[in-house]
Amino acid sequence: MMRPEITEADLVSLKEKSRILRIEILKMLAEAGSGHTGGSLSAADIVAALYFSKMRHNPKDPKWKERDRFILSKGHAAPVLYAALALSGYFEKTLLKTLRKLGSPLQGHPCSKLLPGVEISTGSLGQGLSIANGIALGLKMDGLNSRVYCLLGDGEIQEGQVWEAAMTAAHYKLDNLCAIIDNNGLQIDGHCCDVMYIEPIVKKWDAFGWHVIDINGHDMEAILAALNEAEMLEGKPTMIVARTVKGKGVSLFEGKVEYHGLAPSRDELEIALKELEK
C-alpha cells in the first residue's frame with residue numbers, strides 16, 4: 001500500500017498540534033497541582049503524529065471495530081493522551097481542567113472504564129507491550145487490518161516483562177504492531193544510564209527479532225516516515241527508538257529530572273505559556 005507524500009502543510013499543521021498539546025498539558029497539570037510534566041512533554045510530537053495523521057480512529061465511535069489502537073504503556077504520561085483525545089473530539093476540552101480531581105474520568109493514569117478513547121487502563125509499568133501483543137494477535141485472528149501502537153518509556157524497559165513481550169511479538173510475527181520508546185534518558189530516580197543501563201537499545205531490539213528504526217523523536221518528518229515504514233513492513237514487529245528531550249518545548253523543564261513527576265507552579269506555567277505562544 002502506497003502512503004501519500006508528507007507535505008510541508010502537513011508538517012506545519014502537526015507541529016502546531018504538538019504545540020497546542022504542550023499548552024494543554026501544562027494547563028491541566030498546573031490546575032491539578034500534581035502529575036508528570038517531563039514525560040508528557042517529551043511524547044507530544046509522537047502522539048500528535050499518531051492521533052492527527054497516522055491512526056485510523058473515530059471520536060464519534062470510540063469502539064469502531066476497524067480502528068487502530070493506541071496503548072500508553074507509560075501511563076503516568078496520561079496528560080498527553082488526554083490532550084490528544086480532547087483535541088480529537090472524544091470529549092469537551094473543558095474536562096481537561098478536572099485532571100486528577102475527585103470524581104473526574106481523567107485519573108492520574110488512564111482508565112478505560114471512565115474515559116472514551118482509552119483502550120486499556122495502564123500505569124503499572126512494563127505491562128503495556130504484553131497488552132499490545134494480545135490485541136495485535138487478536139486483530140490478526142479476526143482478519144482485521146487495524147494496527148496497534150504502543151508507547152513505552154525508556155526507564156520502563158528495565159522491566160523484565162517488556163523483554164518477554166519482545167520475544168512474543170517477534171515469535172508471532174506481529175507486523176501489525178509498532179512500539180515506540182520515548183527515549184528521553186531520564187526516569188524518576190535520575191538518568192537511565194545510572195539507574196539501570198539500557199543501551200544499546202537498537203541492538204537489543206534487533207537481536208530480539210524486531211525491525212528497529214532510530215530517529216529524532218521531535219522531528220515530525222522523521223516520525224511520520226518511521227510510522228509509514230513500519231506500516232509497510234511484513235513479518236516483523238517494529239520498534240521506533242525516538243530520541244527525545246524530557247520536558248521538550250519549555251526551557252524551564254527541558255532535561256531536568258525533577259520535573260518527571262512535578263507539576264508546574266502557577267508562575268512556571270505563566271513563563272512556559274509565554275515561551276510556547278511565541
# chains A, B, ... in the order shown; residues from 1 in each chain; ligands from 1

$ residues_around --residues "segment 14-31 of chain A" --least-positions-apart "4" --cutoff "8 Å" --atoms "only C-alpha atoms" --output "PyMOL selection string"
chain A and resi 10+35-37+40-41+44-45+48-49+52-53+79-80+83-84+96-99+220+249+263-266+269+273+276

$ residues_around --residues "Asn176 of chain A" --least-positions-apart "4" --cutoff "8 Å" --atoms "only C-alpha atoms" --output "list in words"
Ala136, Asn145, Ser146, Arg147, Val148, Glu231 and Pro237 of chain A

$ select_by_dssp --residues "segment 93-275 of chain A" --states "alpha helix (DSSP H)" --output "ChimeraX atom specification"
/A:128-141,160-171,192-195,201-207,220-232,266-275

$ residues_around --residues "segment 109-125 of chain A" --least-positions-apart "4" --cutoff "7 Å" --atoms "only C-alpha atoms" --output "mmCIF file with C-alpha atoms, in the first residue's frame"
data_model
loop_
_atom_site.group_PDB
_atom_site.id
_atom_site.type_symbol
_atom_site.label_atom_id
_atom_site.label_comp_id
_atom_site.auth_asym_id
_atom_site.auth_seq_id
_atom_site.Cartn_x
_atom_site.Cartn_y
_atom_site.Cartn_z
ATOM 1 C CA PRO A 62 -14.632 5.104 20.031
ATOM 2 C CA ARG A 69 -5.356 1.013 18.823
ATOM 3 C CA PHE A 70 -3.031 3.123 20.972
ATOM 4 C CA ILE A 71 -1.657 1.742 24.230
ATOM 5 C CA LEU A 72 0.040 4.250 26.534
ATOM 6 C CA SER A 73 2.246 1.821 28.414
ATOM 7 C CA LYS A 74 3.926 4.719 30.243
ATOM 8 C CA GLY A 75 0.581 5.540 31.815
ATOM 9 C CA HIS A 76 1.935 8.318 34.029
ATOM 10 C CA ALA A 78 -1.676 10.452 30.772
ATOM 11 C CA LEU A 85 -8.277 12.823 22.913
ATOM 12 C CA TYR A 90 -13.628 12.437 22.189
ATOM 13 C CA PRO A 105 -12.722 10.470 34.490
ATOM 14 C CA GLU A 156 10.130 1.308 31.711
#

$ atom_distance --atom1 "atom CA of Gly190 of chain A" --atom2 "atom CA of Ala222 of chain A"
27.8 Å
